[in-house]
$ cat target-v6.txt   # compact mmCIF, C-alpha atoms
# COMPACT_ATOMS: atom_id res chain seq x y z
CA MET X 1 -7.96 9.40 -6.89
CA LYS X 2 -11.48 8.08 -6.28
CA PHE X 3 -12.51 6.21 -3.14
CA ASN X 4 -15.62 4.16 -2.36
CA TYR X 5 -16.79 4.78 1.19
CA GLN X 6 -19.32 3.59 3.72
CA ALA X 7 -19.95 5.91 6.65
CA ARG X 8 -22.42 6.76 9.40
CA SER X 9 -24.00 10.17 9.85
CA PRO X 10 -24.40 11.85 13.28
CA LYS X 11 -27.97 10.46 13.29
CA GLY X 12 -26.66 6.91 12.86
CA GLU X 13 -27.73 6.55 9.23
CA THR X 14 -25.49 4.51 6.92
CA GLN X 15 -24.27 6.31 3.81
CA VAL X 16 -22.34 4.95 0.84
CA GLY X 17 -20.77 6.83 -2.04
CA VAL X 18 -17.69 7.85 -3.97
CA ILE X 19 -15.34 10.69 -3.06
CA GLU X 20 -12.41 12.14 -4.99
CA ALA X 21 -9.28 13.14 -3.06
CA SER X 22 -5.51 13.26 -3.47
CA SER X 23 -4.94 10.47 -0.93
CA ARG X 24 -6.67 8.15 1.54
CA ASP X 25 -5.92 10.54 4.44
CA ALA X 26 -7.34 13.46 2.48
CA ALA X 27 -10.52 11.46 1.78
CA LEU X 28 -10.90 10.63 5.49
CA LEU X 29 -10.43 14.29 6.39
CA LEU X 30 -13.04 15.46 3.87
CA LEU X 31 -15.60 12.93 5.10
CA SER X 32 -14.96 13.70 8.79
CA GLN X 33 -15.41 17.44 8.03
CA HIS X 34 -18.89 16.55 6.79
CA GLY X 35 -19.62 14.92 10.15
CA LEU X 36 -19.38 11.37 8.85
CA PHE X 37 -17.77 8.45 10.70
CA VAL X 38 -16.07 6.29 8.07
CA THR X 39 -16.42 2.51 8.48
CA ILE X 40 -15.08 1.42 5.05
CA LEU X 41 -12.85 3.35 2.66
CA GLU X 42 -11.40 1.65 -0.42
CA GLU X 43 -9.70 2.93 -3.54
CA SER X 44 -12.15 2.83 -6.44
CA GLY X 45 -11.50 0.10 -9.00
CA GLU X 46 -9.80 -3.26 -8.60
CA ARG X 47 -6.09 -2.92 -7.94
CA PRO X 48 -3.70 -5.05 -10.02
CA PHE X 49 -2.35 -8.13 -8.24
CA TYR X 50 1.12 -6.57 -7.81
CA ALA X 51 -0.39 -3.56 -6.01
CA LYS X 52 -2.23 -5.67 -3.45
CA PRO X 53 -0.45 -6.15 -0.11
CA LEU X 54 0.65 -9.68 0.71
CA PRO X 55 -1.48 -11.33 3.46
CA PHE X 56 1.47 -11.97 5.80
CA LEU X 57 2.43 -8.28 5.58
CA GLU X 58 -1.05 -7.24 6.71
CA ARG X 59 -0.93 -8.96 10.08
CA VAL X 60 -1.18 -6.73 13.14
CA ASN X 61 2.20 -6.65 14.88
CA LYS X 62 3.11 -6.04 18.52
CA LYS X 63 4.22 -2.49 17.84
CA ASP X 64 0.74 -1.60 16.53
CA VAL X 65 -0.91 -3.01 19.68
CA MET X 66 1.66 -1.28 21.89
CA LEU X 67 1.05 2.14 20.28
CA PHE X 68 -2.71 1.56 20.36
CA SER X 69 -2.58 0.88 24.12
CA ARG X 70 -0.35 3.89 24.81
CA HIS X 71 -2.45 6.31 22.74
CA LEU X 72 -5.71 4.98 24.18
CA ALA X 73 -4.36 5.47 27.72
CA ILE X 74 -3.39 9.08 26.88
CA LEU X 75 -6.83 9.81 25.40
CA PHE X 76 -8.50 8.31 28.48
CA LYS X 77 -6.43 10.50 30.79
CA SER X 78 -7.53 13.48 28.70
CA GLN X 79 -11.17 12.57 29.50
CA VAL X 80 -11.93 11.53 25.90
CA PRO X 81 -14.87 9.03 25.83
CA LEU X 82 -13.98 5.46 24.82
CA LEU X 83 -16.05 5.49 21.62
CA GLN X 84 -14.54 8.75 20.41
CA ALA X 85 -11.03 7.59 21.36
CA LEU X 86 -11.42 4.39 19.34
CA ARG X 87 -12.69 6.28 16.30
CA THR X 88 -9.78 8.71 16.52
CA LEU X 89 -7.26 5.86 16.71
CA ALA X 90 -8.92 4.06 13.80
CA LEU X 91 -8.42 7.13 11.62
CA GLN X 92 -4.76 7.66 12.55
CA THR X 93 -3.61 4.01 12.50
CA LYS X 94 -1.39 3.32 9.48
CA SER X 95 -2.16 -0.41 9.30
CA ARG X 96 -5.32 -0.88 7.22
CA VAL X 97 -6.11 -4.23 8.84
CA PHE X 98 -5.68 -2.89 12.38
CA ALA X 99 -7.72 0.22 11.55
CA GLU X 100 -10.60 -2.02 10.45
CA LYS X 101 -10.34 -4.04 13.67
CA ILE X 102 -10.41 -0.85 15.77
CA MET X 103 -13.50 0.28 13.83
CA LYS X 104 -15.17 -3.03 14.67
CA LEU X 105 -14.23 -2.49 18.33
CA SER X 106 -15.92 0.92 18.25
CA GLU X 107 -19.00 -0.60 16.60
CA GLY X 108 -19.16 -3.25 19.32
CA VAL X 109 -18.86 -0.67 22.10
CA GLU X 110 -21.47 1.51 20.39
CA GLY X 111 -23.74 -1.54 20.19
CA GLY X 112 -23.64 -1.98 23.96
CA THR X 113 -20.91 -4.58 24.54
CA SER X 114 -18.12 -3.86 27.00
CA PHE X 115 -14.65 -2.99 25.74
CA SER X 116 -13.21 -6.28 27.03
CA GLN X 117 -15.95 -8.27 25.26
CA ALA X 118 -15.19 -6.44 22.01
CA LEU X 119 -11.47 -7.20 22.43
CA GLU X 120 -12.24 -10.86 23.12
CA LYS X 121 -13.62 -11.22 19.59
CA ASN X 122 -10.12 -10.56 18.19
CA PRO X 123 -7.93 -13.27 19.81
CA ASP X 124 -5.42 -13.03 16.95
CA VAL X 125 -4.60 -9.45 18.04
CA PHE X 126 -5.47 -9.20 21.73
CA SER X 127 -4.29 -12.05 23.95
CA SER X 128 -6.27 -13.51 26.85
CA TYR X 129 -3.82 -11.66 29.11
CA TYR X 130 -4.70 -8.33 27.46
CA VAL X 131 -8.45 -8.99 27.64
CA SER X 132 -8.28 -10.03 31.32
CA MET X 133 -6.35 -6.89 32.24
CA VAL X 134 -8.91 -4.67 30.49
CA ARG X 135 -11.77 -6.56 32.15
CA SER X 136 -10.21 -6.00 35.59
CA GLY X 137 -9.73 -2.30 34.76
CA GLU X 138 -13.38 -1.98 33.77
CA ALA X 139 -14.51 -3.66 37.00
CA ALA X 140 -12.28 -1.45 39.17
CA GLY X 141 -12.96 1.74 37.20
CA SER X 142 -9.25 2.17 36.49
CA LEU X 143 -9.08 1.46 32.76
CA SER X 144 -6.58 4.25 32.03
CA THR X 145 -4.17 2.87 34.67
CA VAL X 146 -4.52 -0.65 33.29
CA LEU X 147 -3.93 0.56 29.72
CA ASP X 148 -0.79 2.33 30.93
CA SER X 149 0.42 -0.90 32.54
CA LEU X 150 -0.34 -2.84 29.36
CA ALA X 151 1.52 -0.31 27.23
CA GLU X 152 4.58 -0.46 29.52
CA HIS X 153 4.48 -4.27 29.49
CA LEU X 154 4.25 -4.40 25.69
CA GLU X 155 7.02 -1.78 25.37
CA ARG X 156 9.36 -3.87 27.53
CA GLU X 157 8.64 -6.98 25.45
CA TYR X 158 9.01 -5.09 22.18
CA THR X 159 12.28 -3.44 23.28
CA LEU X 160 13.79 -6.77 24.34
CA GLN X 161 12.74 -8.49 21.10
CA ASN X 162 14.13 -5.59 19.08
CA LYS X 163 17.46 -5.80 20.89
CA ILE X 164 17.72 -9.52 20.16
CA LYS X 165 16.72 -9.07 16.50
CA SER X 166 19.19 -6.20 16.03
CA ALA X 167 21.96 -8.21 17.66
CA LEU X 168 21.30 -11.20 15.38
CA THR X 169 21.24 -9.14 12.17
CA TYR X 170 25.02 -9.10 11.63
CA PRO X 171 25.57 -12.85 12.29
CA ALA X 172 22.66 -13.63 9.95
CA PHE X 173 24.25 -11.40 7.30
CA ILE X 174 27.58 -13.26 7.68
CA VAL X 175 25.85 -16.65 7.30
CA ILE X 176 23.95 -15.52 4.17
CA ILE X 177 27.13 -14.15 2.56
CA GLY X 178 29.05 -17.31 3.51
CA VAL X 179 26.40 -19.63 2.09
CA GLY X 180 26.27 -17.52 -1.07
CA VAL X 181 30.05 -17.72 -1.53
CA LEU X 182 30.03 -21.50 -0.99
CA PHE X 183 27.18 -21.89 -3.49
CA LEU X 184 29.07 -19.92 -6.16
CA MET X 185 32.22 -21.93 -5.53
CA VAL X 186 30.46 -25.30 -5.68
CA MET X 187 28.38 -24.47 -8.77
CA PHE X 188 30.88 -22.45 -10.83
CA VAL X 189 34.43 -21.98 -9.46
CA VAL X 190 35.28 -25.58 -8.50
CA PRO X 191 33.91 -27.14 -11.75
CA ASN X 192 36.01 -24.71 -13.85
CA LEU X 193 39.14 -25.48 -11.84
CA THR X 194 38.37 -29.21 -12.07
CA ARG X 195 38.30 -28.98 -15.87
CA THR X 196 41.65 -27.18 -15.80
CA LEU X 197 43.16 -29.93 -13.63
CA SER X 198 41.82 -32.61 -15.99
CA ASP X 199 43.42 -30.86 -18.97
CA LEU X 200 46.76 -30.69 -17.17
CA GLY X 201 46.67 -34.43 -16.33
CA GLY X 202 48.67 -36.04 -13.52
CA GLU X 203 47.71 -37.76 -10.28
CA LEU X 204 45.46 -35.72 -7.99
CA PRO X 205 45.94 -35.65 -4.19
CA PHE X 206 43.40 -37.65 -2.14
CA ILE X 207 41.82 -34.55 -0.56
CA THR X 208 41.31 -32.99 -4.02
CA LYS X 209 39.59 -36.17 -5.26
CA VAL X 210 37.29 -36.11 -2.21
CA VAL X 211 36.35 -32.45 -2.76
CA ILE X 212 35.74 -32.95 -6.50
CA GLY X 213 33.61 -36.04 -5.74
CA LEU X 214 31.50 -34.14 -3.19
CA VAL X 215 31.03 -31.21 -5.57
CA ASP X 216 29.97 -33.57 -8.39
CA VAL X 217 27.43 -35.25 -6.10
CA LEU X 218 26.02 -31.88 -4.97
CA ARG X 219 25.79 -30.58 -8.54
CA SER X 220 24.15 -33.75 -9.86
CA TRP X 221 21.81 -34.51 -6.97
CA TRP X 222 21.11 -31.07 -5.47
CA TRP X 223 17.37 -31.51 -6.04
CA VAL X 224 17.38 -34.74 -3.97
CA PHE X 225 19.10 -32.99 -1.05
CA LEU X 226 16.70 -30.06 -1.37
CA PHE X 227 13.71 -32.42 -1.42
CA LEU X 228 14.96 -34.34 1.64
CA LEU X 229 15.68 -31.11 3.52
CA GLY X 230 12.29 -29.61 2.63
CA GLY X 231 10.45 -32.86 3.43
CA GLY X 232 12.27 -33.25 6.72
CA MET X 233 11.44 -29.67 7.73
CA PHE X 234 7.80 -30.14 6.71
CA PHE X 235 7.31 -33.30 8.80
CA LEU X 236 9.26 -31.85 11.73
CA LEU X 237 7.05 -28.75 11.79
CA ARG X 238 3.92 -30.91 11.49
CA TYR X 239 5.10 -32.99 14.45
CA ILE X 240 5.94 -29.93 16.54
CA LYS X 241 2.40 -28.63 15.99
CA THR X 242 0.96 -31.72 17.70
CA SER X 243 0.57 -31.70 21.49
CA GLU X 244 3.10 -34.50 22.02
CA GLY X 245 5.54 -33.03 19.51
CA LYS X 246 5.39 -29.59 21.17
CA LYS X 247 6.18 -31.12 24.56
CA SER X 248 9.12 -33.11 23.18
CA PHE X 249 10.52 -30.13 21.28
CA ASP X 250 10.18 -27.74 24.24
CA LEU X 251 11.88 -30.25 26.54
CA PHE X 252 14.66 -30.77 23.98
CA LEU X 253 15.32 -27.01 23.79
CA LEU X 254 15.67 -26.86 27.57
CA LYS X 255 18.42 -29.49 27.37
CA VAL X 256 20.55 -27.82 24.67
CA PRO X 257 23.71 -26.48 26.37
CA GLY X 258 23.99 -22.69 26.20
CA LEU X 259 20.55 -22.22 24.67
CA ASN X 260 18.78 -23.65 27.73
CA THR X 261 20.19 -20.94 30.05
CA PHE X 262 19.01 -18.19 27.72
CA LEU X 263 15.55 -19.75 27.29
CA ARG X 264 15.08 -20.27 31.03
CA MET X 265 15.84 -16.61 31.69
CA MET X 266 13.38 -15.60 28.97
CA TYR X 267 10.58 -17.82 30.36
CA LEU X 268 11.23 -16.68 33.94
CA SER X 269 11.14 -13.04 32.87
CA ARG X 270 7.92 -13.57 30.92
CA PHE X 271 6.27 -15.48 33.77
CA ALA X 272 7.26 -12.89 36.38
CA GLU X 273 6.22 -9.87 34.33
CA ASN X 274 2.85 -11.23 33.23
CA LEU X 275 1.95 -12.49 36.70
CA ALA X 276 3.05 -9.19 38.30
CA THR X 277 1.00 -7.09 35.88
CA LEU X 278 -2.09 -9.27 36.34
CA VAL X 279 -1.86 -9.27 40.15
CA ALA X 280 -1.26 -5.49 40.19
CA GLY X 281 -4.32 -5.10 37.93
CA GLY X 282 -6.53 -6.80 40.51
CA ILE X 283 -6.73 -10.27 38.95
CA GLY X 284 -6.99 -13.11 41.48
CA ILE X 285 -3.85 -15.24 41.86
CA VAL X 286 -5.53 -18.41 40.52
CA SER X 287 -6.88 -16.63 37.42
CA ALA X 288 -3.52 -14.88 36.96
CA LEU X 289 -1.69 -18.22 36.99
CA GLU X 290 -4.21 -19.69 34.54
CA ILE X 291 -3.66 -16.82 32.09
CA THR X 292 0.13 -16.80 32.56
CA GLN X 293 0.50 -20.52 31.89
CA GLU X 294 -1.10 -20.02 28.46
CA ILE X 295 1.36 -17.31 27.40
CA VAL X 296 4.62 -18.44 29.02
CA GLY X 297 5.69 -19.99 25.69
CA ASN X 298 6.92 -23.43 26.78
CA SER X 299 4.74 -26.51 27.40
CA TYR X 300 6.99 -27.78 30.22
CA TYR X 301 6.73 -24.48 32.10
CA LYS X 302 3.01 -24.49 31.31
CA LYS X 303 2.70 -27.86 33.09
CA ILE X 304 4.52 -26.52 36.17
CA LEU X 305 2.31 -23.41 36.33
CA GLY X 306 -0.79 -25.58 35.93
CA GLU X 307 0.41 -27.58 38.92
CA ALA X 308 1.01 -24.33 40.82
CA LYS X 309 -2.53 -23.15 40.03
CA GLU X 310 -4.06 -26.38 41.37
CA SER X 311 -1.92 -26.21 44.53
CA VAL X 312 -2.86 -22.57 45.18
CA GLN X 313 -6.54 -23.51 44.85
CA LYS X 314 -5.93 -26.00 47.67
CA GLY X 315 -4.31 -23.34 49.86
CA ALA X 316 -0.61 -23.78 49.07
CA ARG X 317 1.84 -21.05 48.08
CA ILE X 318 3.20 -20.57 44.55
CA SER X 319 6.73 -20.80 45.93
CA ASP X 320 5.98 -24.28 47.34
CA VAL X 321 5.44 -25.65 43.83
CA LEU X 322 8.26 -23.68 42.19
CA GLY X 323 10.64 -25.03 44.83
CA ARG X 324 10.10 -28.56 43.47
CA TYR X 325 11.72 -27.52 40.18
CA PRO X 326 15.08 -25.95 41.11
CA LEU X 327 16.42 -26.29 37.57
CA GLU X 328 13.53 -24.42 35.93
CA PHE X 329 13.02 -21.99 38.85
CA PRO X 330 16.36 -21.21 40.56
CA PRO X 331 16.32 -21.12 44.40
CA VAL X 332 16.92 -17.34 44.40
CA PHE X 333 13.86 -16.83 42.17
CA THR X 334 11.70 -19.06 44.38
CA GLN X 335 12.95 -17.33 47.54
CA MET X 336 12.05 -13.90 46.18
CA VAL X 337 8.56 -15.15 45.26
CA LEU X 338 8.19 -16.49 48.82
CA VAL X 339 9.23 -13.13 50.29
CA GLY X 340 6.69 -11.38 48.04
CA GLU X 341 3.93 -13.78 49.14
CA GLN X 342 4.74 -13.34 52.83
CA SER X 343 4.97 -9.55 52.65
CA GLY X 344 1.93 -9.11 50.40
CA THR X 345 4.05 -7.37 47.75
CA LEU X 346 4.17 -10.15 45.16
CA ASP X 347 3.66 -7.82 42.18
CA THR X 348 6.48 -5.45 43.23
CA THR X 349 8.85 -8.33 43.98
CA LEU X 350 8.13 -9.97 40.63
CA LEU X 351 8.79 -6.71 38.77
CA ASN X 352 12.19 -6.49 40.51
CA ILE X 353 12.89 -10.01 39.26
CA VAL X 354 11.87 -8.96 35.74
CA GLN X 355 14.34 -6.06 35.71
CA PHE X 356 17.14 -8.41 36.81
CA TYR X 357 16.38 -11.11 34.23
CA GLN X 358 15.92 -8.65 31.37
CA ARG X 359 19.36 -7.18 32.11
CA GLU X 360 20.78 -10.70 32.25
CA LEU X 361 19.08 -11.58 28.96
CA THR X 362 20.57 -8.55 27.22
CA ASN X 363 24.03 -9.31 28.64
CA SER X 364 23.73 -12.98 27.64
CA VAL X 365 22.83 -12.08 24.06
CA GLU X 366 25.73 -9.63 23.82
CA SER X 367 28.18 -12.16 25.31
CA PHE X 368 26.94 -14.93 23.02
CA LEU X 369 27.23 -12.74 19.93
CA SER X 370 30.72 -11.56 20.90
CA ILE X 371 31.74 -15.24 20.59
CA LEU X 372 29.45 -16.18 17.69
CA GLU X 373 30.52 -13.46 15.24
CA PRO X 374 34.27 -14.30 15.13
CA LEU X 375 33.44 -18.02 15.30
CA LEU X 376 31.22 -17.77 12.21
CA ILE X 377 33.93 -15.88 10.34
CA VAL X 378 36.54 -18.52 11.28
CA VAL X 379 34.27 -21.47 10.33
CA LEU X 380 33.25 -19.95 6.99
CA GLY X 381 36.86 -18.96 6.33
CA LEU X 382 38.01 -22.53 6.98
CA LEU X 383 35.30 -23.95 4.70
CA VAL X 384 36.05 -21.59 1.82
CA GLY X 385 39.81 -21.72 2.40
CA GLY X 386 39.81 -25.52 2.69
CA LEU X 387 37.80 -25.84 -0.51
CA MET X 388 40.16 -23.56 -2.41
CA ALA X 389 43.27 -25.20 -0.95
CA ALA X 390 42.09 -28.67 -1.98
CA ILE X 391 41.57 -27.51 -5.58
CA LEU X 392 44.66 -25.31 -5.86
CA LEU X 393 47.03 -27.85 -4.25
CA PRO X 394 47.58 -29.83 -7.50
CA LEU X 395 48.24 -26.59 -9.41
CA TYR X 396 50.82 -25.60 -6.81
CA GLN X 397 52.47 -29.01 -7.09
CA LEU X 398 52.63 -28.73 -10.89
CA VAL X 399 54.20 -25.27 -10.69
CA SER X 400 56.75 -26.57 -8.16
CA ILE X 401 57.92 -29.38 -10.49

$ encode --input "target-v6.txt" --output "structure tokens"
Amino acid sequence: MKFNYQARSPKGETQVGVIEASSRDAALLLLSQHGLFVTILEESGERPFYAKPLPFLERVNKKDVMLFSRHLAILFKSQVPLLQALRTLALQTKSRVFAEKIMKLSEGVEGGTSFSQALEKNPDVFSSYYVSMVRSGEAAGSLSTVLDSLAEHLEREYTLQNKIKSALTYPAFIVIIGVGVLFLMVMFVVPNLTRTLSDLGGELPFITKVVIGLVDVLRSWWWVFLFLLGGGMFFLLRYIKTSEGKKSFDLFLLKVPGLNTFLRMMYLSRFAENLATLVAGGIGIVSALEITQEIVGNSYYKKILGEAKESVQKGARISDVLGRYPLEFPPVFTQMVLVGEQSGTLDTTLLNIVQFYQRELTNSVESFLSILEPLLIVVLGLLVGGLMAAILLPLYQLVSI
């Protein structure tokens, strides 16, 4: 395989050329053995469209950022200079897009900008929370400690999200299978049975007529229903993207029975963990609240935290504001925040809250799914069974005569 490359020599000179190697990794190894730092490496020749990765598959995910933070912290502890550490991580990162971004980070640092400033130029990968933590670590001279904290924070978030995704896999599978079975019945099974009933003649039961009528409507006008569903989803998503729509949707979610309890625990856990990590990293409480309100994930909670930030600027406590919203911030939560403020251990207290809420979140998901799975099976069974019963009832009556 041939690869086009652009690289820098130890003297800082830019070199371009073509190298032949068995793989991309082998090409990188050959170039690095010649003392070159690779900035661009692409397979020679235009790849066919089917060989090109899809754009949405090339996005940098949370796992990539988590591993980057963990490995960078380890390299720092091993006394590896930042520039060298970034170049090493760029070479070993599997994601092509992320590797290019890390290379740009190293170029920025080499050009004289601080690490936090280089990170700030990639808001799609590194959040304001991440950048602020790194900036505080640079100011305090404790970047390796901050990177460790960031890695632990991202690991906790990633683990929780993975647990929820894994738990939802089986119910999603049941729904897909159920919808597939219903589709096959409506499009093929029921029409064939309907023709059989017509050939046999006789009066059909009312429920059978209703089912046949519904199936005929769905078969004849499926494109209308699909258009209405797609159009409705399109306009709903457009509305949710507006400021007013986002507020209305977030408030609606907090009022849905069952879901609201789960969401509140998730927002409380996110708020507590982010604020704790920022405060522990040396960020001032006002700045920490400002950053946290942007990443809490709900516009209603964002409004409350904005109010808390303004009150703290005037000399009030965070717990004073949280206490005004007992539904969103339970009294026990507010009381623990107050204790943390009074004792000067707000970060430690908040991390204790995080551990509690993350356990509760996991338990809630497991309890919910223990009810959801059999419920889905029963509902889908009733739908399929009811559909079959309505069609087979006339046949049974004819056989009984």

$ atom_distance --input "target-v6.txt" --atom1 "atom CA of Ile240 of chain X" --atom2 "atom CA of Leu226 of chain X"
20.9 Å

$ closest_atom_pairs --input "target-v6.txt" --of "segment 149-247 of chain X" --to "segment 337-353 of chain X" --cutoff "12 Å" --atoms "all atoms listed in the file" --output "tab-separated table"
residue	atom	partner	partner_atom	distance
X:Ser149	CA	X:Leu351	CA	11.9
X:Glu152	CA	X:Leu351	CA	11.9
X:His153	CA	X:Leu351	CA	10.5
X:Arg156	CA	X:Leu351	CA	11.6

$ closest_residue --input "target-v6.txt" --among "X:Leu89, X:Val210, X:Leu197, X:Met233" --to "Ser69 of chain X" --atoms "all atoms listed in the file"
X:Leu89

$ atom_distance --input "target-v6.txt" --atom1 "atom CA of Lys314 of chain X" --atom2 "atom CA of Ile285 of chain X"
12.4 Å

$ atom_distance --input "target-v6.txt" --atom1 "atom CA of Glu328 of chain X" --atom2 "atom CA of Gly282 of chain X"
27.1 Å

$ residues_around --input "target-v6.txt" --residues "Tyr5 of chain X" --least-positions-apart "2" --cutoff "7 Å" --atoms "all atoms listed in the file" --output "VMD selection string"
chain X and resid 3 7 16 to 18 40 to 42

$ closest_residue --input "target-v6.txt" --among "X:Asn61, X:Leu91, X:Ile391, X:Leu75" --to "Leu29 of chain X" --atoms "only C-alpha atoms"
X:Leu91

$ residues_around --input "target-v6.txt" --residues "Ala167 of chain X" --least-positions-apart "4" --cutoff "10 Å" --atoms "all atoms listed in the file" --output "PyMOL selection string"
chain X and resi 161-163+171-172+362+365-366+368-370

$ residues_near_point --input "target-v6.txt" --point "(36.0, -31.1, -11.9)" --cutoff "7 Å" --atoms "all atoms listed in the file" --output "PDB file with C-alpha atoms, keeping the file's coordinate frame"
ATOM      1  CA  VAL X 190      35.280 -25.580  -8.500  1.00  0.00           C
ATOM      2  CA  PRO X 191      33.910 -27.140 -11.750  1.00  0.00           C
ATOM      3  CA  ASN X 192      36.010 -24.710 -13.850  1.00  0.00           C
ATOM      4  CA  LEU X 193      39.140 -25.480 -11.840  1.00  0.00           C
ATOM      5  CA  THR X 194      38.370 -29.210 -12.070  1.00  0.00           C
ATOM      6  CA  ARG X 195      38.300 -28.980 -15.870  1.00  0.00           C
ATOM      7  CA  ILE X 212      35.740 -32.950  -6.500  1.00  0.00           C
TER       8      ILE X 212
END

$ closest_atom_pairs --input "target-v6.txt" --of "segment 197-305 of chain X" --to "segment 385-390 of chain X" --cutoff "7 Å" --atoms "all atoms listed in the file" --output "CSV"
residue,atom,partner,partner_atom,distance
X:Ile207,CA,X:Ala390,CA,6.1
X:Thr208,CA,X:Ala390,CA,4.8
X:Val211,CA,X:Ala390,CA,6.9

$ write_last_selection --input "target-v6.txt" --atoms "C-alpha atoms" --output "mmCIF file, in the coordinates of the input"
data_model
loop_
_atom_site.group_PDB
_atom_site.id
_atom_site.type_symbol
_atom_site.label_atom_id
_atom_site.label_comp_id
_atom_site.auth_asym_id
_atom_site.auth_seq_id
_atom_site.Cartn_x
_atom_site.Cartn_y
_atom_site.Cartn_z
ATOM 1 C CA ILE X 207 41.820 -34.550 -0.560
ATOM 2 C CA THR X 208 41.310 -32.990 -4.020
ATOM 3 C CA VAL X 211 36.350 -32.450 -2.760
#

$ residues_around --input "target-v6.txt" --residues "Lys255 of chain X" --least-positions-apart "5" --cutoff "12 Å" --atoms "all atoms listed in the file" --output "PyMOL selection string"
chain X and resi 248-250+260-264+300+327-328

$ residues_around --input "target-v6.txt" --residues "Gly323 of chain X" --least-positions-apart "5" --cutoff "9 Å" --atoms "only C-alpha atoms" --output "PyMOL selection string"
chain X and resi 318+329-331+334-335

$ closest_residue --input "target-v6.txt" --among "X:Ser132, X:Gln79, X:Thr14, X:Gln293" --to "Phe37 of chain X" --atoms "all atoms listed in the file"
X:Thr14

$ closest_residue --input "target-v6.txt" --among "X:Val384, X:Ser127, X:Phe68, X:Phe98" --to "Ile295 of chain X" --atoms "only C-alpha atoms"
X:Ser127

$ residues_near_point --input "target-v6.txt" --point "(-11.7, -6.4, 29.5)" --cutoff "6 Å" --atoms "only C-alpha atoms" --output "PyMOL selection string"
chain X and resi 115-116+131-132+134-135

$ closest_residue --input "target-v6.txt" --among "X:Met133, X:Leu147, X:Leu393, X:Ala140" --to "Ile291 of chain X" --atoms "all atoms listed in the file"
X:Met133

$ closest_residue --input "target-v6.txt" --among "X:Val321, X:Ala316, X:Met185, X:Gln355" --to "Tyr301 of chain X" --atoms "only C-alpha atoms"
X:Val321
